[in-house]
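Q: run-v2.pdb (PDB, C-alpha atoms) pasted underneath:
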```pdb
ATOM      1  CA  MET A   1     -21.035 -16.985  -6.834
ATOM      2  CA  ASP A   2     -22.959 -14.645  -4.575
ATOM      3  CA  ASP A   3     -22.233 -10.955  -4.137
ATOM      4  CA  LEU A   4     -20.259 -11.400  -0.894
ATOM      5  CA  ALA A   5     -18.049 -14.098  -2.358
ATOM      6  CA  LEU A   6     -17.330 -11.869  -5.359
ATOM      7  CA  ALA A   7     -16.582  -8.914  -3.074
ATOM      8  CA  ARG A   8     -14.151 -11.041  -1.008
ATOM      9  CA  VAL A   9     -12.419 -12.385  -4.109
ATOM     10  CA  LEU A  10     -12.012  -8.896  -5.597
ATOM     11  CA  HIS A  11     -10.889  -7.502  -2.240
ATOM     12  CA  VAL A  12      -8.161 -10.119  -1.797
ATOM     13  CA  LEU A  13      -7.090  -9.786  -5.436
ATOM     14  CA  ALA A  14      -6.784  -6.006  -5.030
ATOM     15  CA  VAL A  15      -4.727  -6.353  -1.835
ATOM     16  CA  VAL A  16      -2.443  -8.956  -3.416
ATOM     17  CA  LEU A  17      -1.759  -6.705  -6.412
ATOM     18  CA  TRP A  18      -1.342  -3.568  -4.304
ATOM     19  CA  ILE A  19       0.794  -4.869  -1.428
ATOM     20  CA  GLY A  20       2.613  -7.330  -3.659
ATOM     21  CA  GLY A  21       3.689  -4.382  -5.773
ATOM     22  CA  VAL A  22       4.761  -2.458  -2.700
ATOM     23  CA  SER A  23       6.770  -5.487  -1.621
ATOM     24  CA  MET A  24       8.476  -5.766  -5.018
ATOM     25  CA  ALA A  25       9.254  -2.051  -5.077
ATOM     26  CA  THR A  26      10.569  -2.083  -1.502
ATOM     27  CA  THR A  27      12.645  -5.250  -1.548
ATOM     28  CA  VAL A  28      13.854  -5.375  -5.167
ATOM     29  CA  ALA A  29      13.397  -2.208  -7.227
ATOM     30  CA  LEU A  30      14.321   0.511  -4.727
ATOM     31  CA  PRO A  31      17.470  -1.231  -3.468
ATOM     32  CA  ALA A  32      18.609  -1.664  -7.099
ATOM     33  CA  VAL A  33      17.827   1.981  -7.848
ATOM     34  CA  ARG A  34      19.697   3.119  -4.700
ATOM     35  CA  ARG A  35      22.788   1.166  -5.725
ATOM     36  CA  GLY A  36      22.627   2.413  -9.312
ATOM     37  CA  ASP A  37      22.357  -1.171 -10.620
ATOM     38  CA  LEU A  38      19.875  -0.081 -13.271
ATOM     39  CA  GLY A  39      21.829   2.846 -14.606
ATOM     40  CA  PRO A  40      23.361   6.094 -13.432
ATOM     41  CA  ASP A  41      20.188   8.198 -13.765
ATOM     42  CA  ARG A  42      18.507   6.852 -10.661
ATOM     43  CA  LEU A  43      15.647   9.335 -10.756
ATOM     44  CA  ARG A  44      14.731   8.344 -14.320
ATOM     45  CA  VAL A  45      14.841   4.650 -13.392
ATOM     46  CA  PHE A  46      12.699   5.219 -10.290
ATOM     47  CA  GLU A  47      10.177   7.248 -12.277
ATOM     48  CA  ALA A  48      10.022   4.498 -14.924
ATOM     49  CA  PHE A  49       9.122   1.893 -12.277
ATOM     50  CA  GLU A  50       6.817   4.193 -10.388
ATOM     51  CA  GLY A  51       5.053   5.426 -13.516
ATOM     52  CA  ARG A  52       4.187   1.900 -14.598
ATOM     53  CA  PHE A  53       3.000   0.705 -11.204
ATOM     54  CA  VAL A  54       1.216   3.766  -9.829
ATOM     55  CA  TRP A  55      -1.918   3.269 -11.931
ATOM     56  CA  GLN A  56      -2.104  -0.401 -10.990
ATOM     57  CA  ALA A  57      -1.720   0.554  -7.328
ATOM     58  CA  ARG A  58      -4.349   3.288  -7.583
ATOM     59  CA  GLY A  59      -6.815   0.919  -9.226
ATOM     60  CA  ALA A  60      -6.149  -1.760  -6.625
ATOM     61  CA  VAL A  61      -6.555   0.725  -3.759
ATOM     62  CA  ILE A  62      -9.863   1.921  -5.189
ATOM     63  CA  LEU A  63     -11.077  -1.663  -5.639
ATOM     64  CA  ALA A  64      -9.961  -2.675  -2.127
ATOM     65  CA  GLY A  65     -11.724   0.358  -0.652
ATOM     66  CA  LEU A  66     -14.968  -0.201  -2.534
ATOM     67  CA  THR A  67     -15.137  -3.908  -1.805
ATOM     68  CA  GLY A  68     -14.123  -3.405   1.828
ATOM     69  CA  PHE A  69     -16.823  -0.796   2.349
ATOM     70  CA  TYR A  70     -19.355  -2.986   0.540
ATOM     71  CA  MET A  71     -18.621  -5.956   2.811
ATOM     72  CA  ILE A  72     -18.778  -3.834   5.976
ATOM     73  CA  GLU A  73     -22.107  -2.357   4.903
ATOM     74  CA  ARG A  74     -23.612  -5.566   3.507
ATOM     75  CA  LEU A  75     -22.648  -7.610   6.587
ATOM     76  CA  ASP A  76     -23.358  -4.726   8.986
ATOM     77  CA  LEU A  77     -19.920  -4.953  10.573
ATOM     78  CA  TRP A  78     -19.828  -1.387  11.852
ATOM     79  CA  ASP A  79     -19.898  -2.541  15.493
ATOM     80  CA  ARG A  80     -16.480  -4.161  15.010
ATOM     81  CA  PHE A  81     -14.994  -0.676  15.043
ATOM     82  CA  THR A  82     -16.054  -0.349  18.694
ATOM     83  CA  ASP A  83     -14.384  -3.600  19.793
ATOM     84  CA  ILE A  84     -10.592  -3.699  20.280
ATOM     85  CA  ARG A  85     -10.567  -7.427  19.437
ATOM     86  CA  PHE A  86     -11.116  -6.330  15.842
ATOM     87  CA  TRP A  87      -8.083  -4.017  15.814
ATOM     88  CA  TRP A  88      -7.271  -5.244  12.342
ATOM     89  CA  MET A  89     -10.417  -3.593  10.982
ATOM     90  CA  HIS A  90      -9.010  -0.252  12.143
ATOM     91  CA  ALA A  91      -5.607  -1.200  10.736
ATOM     92  CA  MET A  92      -7.102  -1.981   7.315
ATOM     93  CA  VAL A  93      -8.862   1.373   7.202
ATOM     94  CA  CYS A  94      -5.736   3.215   8.373
ATOM     95  CA  VAL A  95      -3.404   1.501   5.894
ATOM     96  CA  TRP A  96      -5.927   2.009   3.090
ATOM     97  CA  THR A  97      -6.333   5.708   3.987
ATOM     98  CA  LEU A  98      -2.574   6.211   4.173
ATOM     99  CA  PHE A  99      -1.969   4.644   0.773
ATOM    100  CA  ALA A 100      -4.948   6.431  -0.798
ATOM    101  CA  PHE A 101      -3.536   9.739   0.430
ATOM    102  CA  LEU A 102      -0.030   8.923  -0.802
ATOM    103  CA  LEU A 103      -1.130   7.627  -4.215
ATOM    104  CA  PHE A 104      -3.711  10.280  -5.023
ATOM    105  CA  ILE A 105      -2.365  13.366  -3.234
ATOM    106  CA  GLY A 106       1.146  12.909  -1.854
ATOM    107  CA  GLU A 107       2.774  11.342  -4.895
ATOM    108  CA  PRO A 108       1.359  13.534  -7.680
ATOM    109  CA  LEU A 109       1.134  16.842  -5.819
ATOM    110  CA  ILE A 110       4.112  16.665  -3.455
ATOM    111  CA  LEU A 111       6.624  13.957  -4.354
ATOM    112  CA  HIS A 112       6.817  14.853  -8.048
ATOM    113  CA  ARG A 113       7.665  18.438  -7.089
ATOM    114  CA  ILE A 114      10.253  17.822  -4.382
ATOM    115  CA  LEU A 115      11.950  14.561  -5.336
ATOM    116  CA  PRO A 116      13.797  15.830  -8.442
ATOM    117  CA  LYS A 117      15.206  18.794  -6.489
ATOM    118  CA  TRP A 118      16.112  16.581  -3.544
ATOM    119  CA  VAL A 119      17.830  14.034  -5.802
ATOM    120  CA  ALA A 120      19.782  16.830  -7.515
ATOM    121  CA  ARG A 121      20.987  18.116  -4.113
ATOM    122  CA  ASN A 122      21.553  14.847  -2.283
ATOM    123  CA  PRO A 123      20.646  11.655  -4.147
ATOM    124  CA  GLU A 124      21.852   9.284  -1.411
ATOM    125  CA  GLN A 125      19.694  10.961   1.205
ATOM    126  CA  ALA A 126      16.680  11.184  -1.100
ATOM    127  CA  PHE A 127      16.684   7.531  -2.144
ATOM    128  CA  THR A 128      17.492   6.315   1.364
ATOM    129  CA  ALA A 129      14.518   8.257   2.749
ATOM    130  CA  LEU A 130      12.256   7.036  -0.054
ATOM    131  CA  HIS A 131      13.301   3.456   0.616
ATOM    132  CA  ARG A 132      12.794   3.800   4.383
ATOM    133  CA  VAL A 133       9.278   5.141   3.894
ATOM    134  CA  HIS A 134       8.501   2.152   1.681
ATOM    135  CA  VAL A 135       9.882  -0.228   4.338
ATOM    136  CA  VAL A 136       7.654   1.317   7.017
ATOM    137  CA  LEU A 137       4.604   1.136   4.741
ATOM    138  CA  LEU A 138       5.370  -2.480   3.871
ATOM    139  CA  VAL A 139       5.798  -3.524   7.508
ATOM    140  CA  LEU A 140       2.505  -1.816   8.451
ATOM    141  CA  SER A 141       0.850  -3.589   5.527
ATOM    142  CA  TYR A 142       2.213  -7.002   6.545
ATOM    143  CA  ILE A 143       1.053  -6.539  10.146
ATOM    144  CA  THR A 144      -2.381  -5.536   8.882
ATOM    145  CA  ILE A 145      -2.629  -8.491   6.512
ATOM    146  CA  PHE A 146      -1.530 -10.874   9.271
ATOM    147  CA  GLY A 147      -4.141  -9.465  11.645
ATOM    148  CA  ALA A 148      -6.905  -9.393   9.044
ATOM    149  CA  VAL A 149      -6.396 -12.972   7.909
ATOM    150  CA  ALA A 150      -6.021 -14.285  11.464
ATOM    151  CA  GLY A 151      -8.947 -12.249  12.764
ATOM    152  CA  SER A 152     -11.297 -13.061   9.904
ATOM    153  CA  HIS A 153     -10.659 -16.744  10.607
ATOM    154  CA  GLY A 154     -11.497 -16.422  14.280
ATOM    155  CA  TRP A 155      -8.057 -15.914  15.805
ATOM    156  CA  LEU A 156      -8.679 -12.886  17.977
ATOM    157  CA  LEU A 157      -5.607 -12.030  20.001
ATOM    158  CA  LEU A 158      -7.502 -10.482  22.897
TER     159      LEU A 158
END
```
Please render this file's structure as structure tokens.
A:
Amino acid sequence: MDDLALARVLHVLAVVLWIGGVSMATTVALPAVRRGDLGPDRLRVFEAFEGRFVWQARGAVILAGLTGFYMIERLDLWDRFTDIRFWWMHAMVCVWTLFAFLLFIGEPLILHRILPKWVARNPEQAFTALHRVHVVLLVLSYITIFGAVAGSHGWLLL
């Protein structure tokens, strides 16, 4: 296996782990937490899920970023960022940047400080907002994956 094949394999594996986890959290775990299906202490249950997955997500985001950058550099794909037909390249960078910010800055420095207070004041509002943010992130991720797979196989929409 050559270096580009390995980079592609690792890139796809990282995205599957990362976005698959976001999908599971958004469509299964968070709705169960919101309803209290997993116990009355919804914050503790959420933190248990989040605490187990966050390091997997961080590792996957790092791996996706490194392999993505490697492939862009190795294949000299920088000019794609000047062509709107490759909108999905921009989308991948934007989604990656958004998640990197959330996982490495937003979650540990902001969410961990405000979520417990918010849940204590208004748990319904807090978990509804948290779930909605996850839905938006998941939809953006799905659109990006659709565009990236279609575009990398020659289906350019423009």
Q: Expanded to explicit residues, what is the PyMOL selection byres ((chain A and resi 50-67) around 8) for this file, as a list in words?
A: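 Against this file, the PyMOL selection byres ((chain A and resi 50-67) around 8) returns the residues Ala7, Arg8, Leu10, His11, Val12, Ala14, Val15, Leu17, Trp18, Gly21, Phe46, Glu47, Ala48, Phe49, Gly68, Phe69, Tyr70, Met71, Trp96, Phe99, Ala100, Leu103 and Phe104 of chain A.
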Q: If the PyMOL selection byres ((chain A and resi 129) around 12) is run on the structure shown, which residues does it catch, given as a PyMOL selection string?
A: chain A and resi 26+30-31+34+115+118-119+122-128+130-136
Q: Using only C-alpha atoms, can you tell me which of A:Ala120, A:Cys94, A:Ile72, A:Phe81 comes closest to Leu140 of chain A?
A: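 Result for the nearest residue to Leu140 of chain A: A:Cys94.
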Q: Extending 4 Å beyond the listed atoms of segment 121-124 of chain A on each side, what axis-aligned box results? I want centre and edge lengths in Å to one decimal, as JSON.
A:
```
{"center_x": 21.2, "center_y": 13.7, "center_z": -2.8, "size_x": 9.2, "size_y": 16.8, "size_z": 10.7}
```
Q: Calculated over all atoms listed in the file, which of the candidates A:Ile143, A:Met24, A:Leu43, A:Leu4 has the smallest distance to Ala91 of chain A?
A: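 Among the listed residues, the smallest separation from Ala91 of chain A belongs to A:Ile143.
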Q: Take atom CA of Leu109 of chain A and atom CA of Gly39 of chain A and report the distance between them in Å, one decimal.
A: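 Computed distance, atom CA of Leu109 of chain A to atom CA of Gly39 of chain A, equals 26.5 Å.
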Q: Between atom CA of Val95 of chain A and atom CA of Val22 of chain A, measure the distance and give it in Å to one decimal.
A: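 Straight-line distance from atom CA of Val95 of chain A to atom CA of Val22 of chain A works out to 12.5 Å.
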Q: Here's the selection I'm unsure about, the PyMOL selection byres ((chain A and resi 148) around 10); applied to the file above, which residues does it give, as a VMD selection string?
A: chain A and resid 86 to 92 142 to 147 149 to 156
Q: Measure the distance from atom CA of Pro116 of chain A to atom CA of Leu137 of chain A in Å and round it to one decimal.
A: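 Calculated distance between atom CA of Pro116 of chain A and atom CA of Leu137 of chain A is 21.8 Å.
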Q: Compare A:Ala29, A:Asp41, A:Ile110, A:Leu157 by their minimum atom-to-atom distance to Arg85 of chain A, counting all atoms listed in the file, and give me the closest one.
A: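 With all atoms listed in the file as the atom set, the closest residue is A:Leu157.
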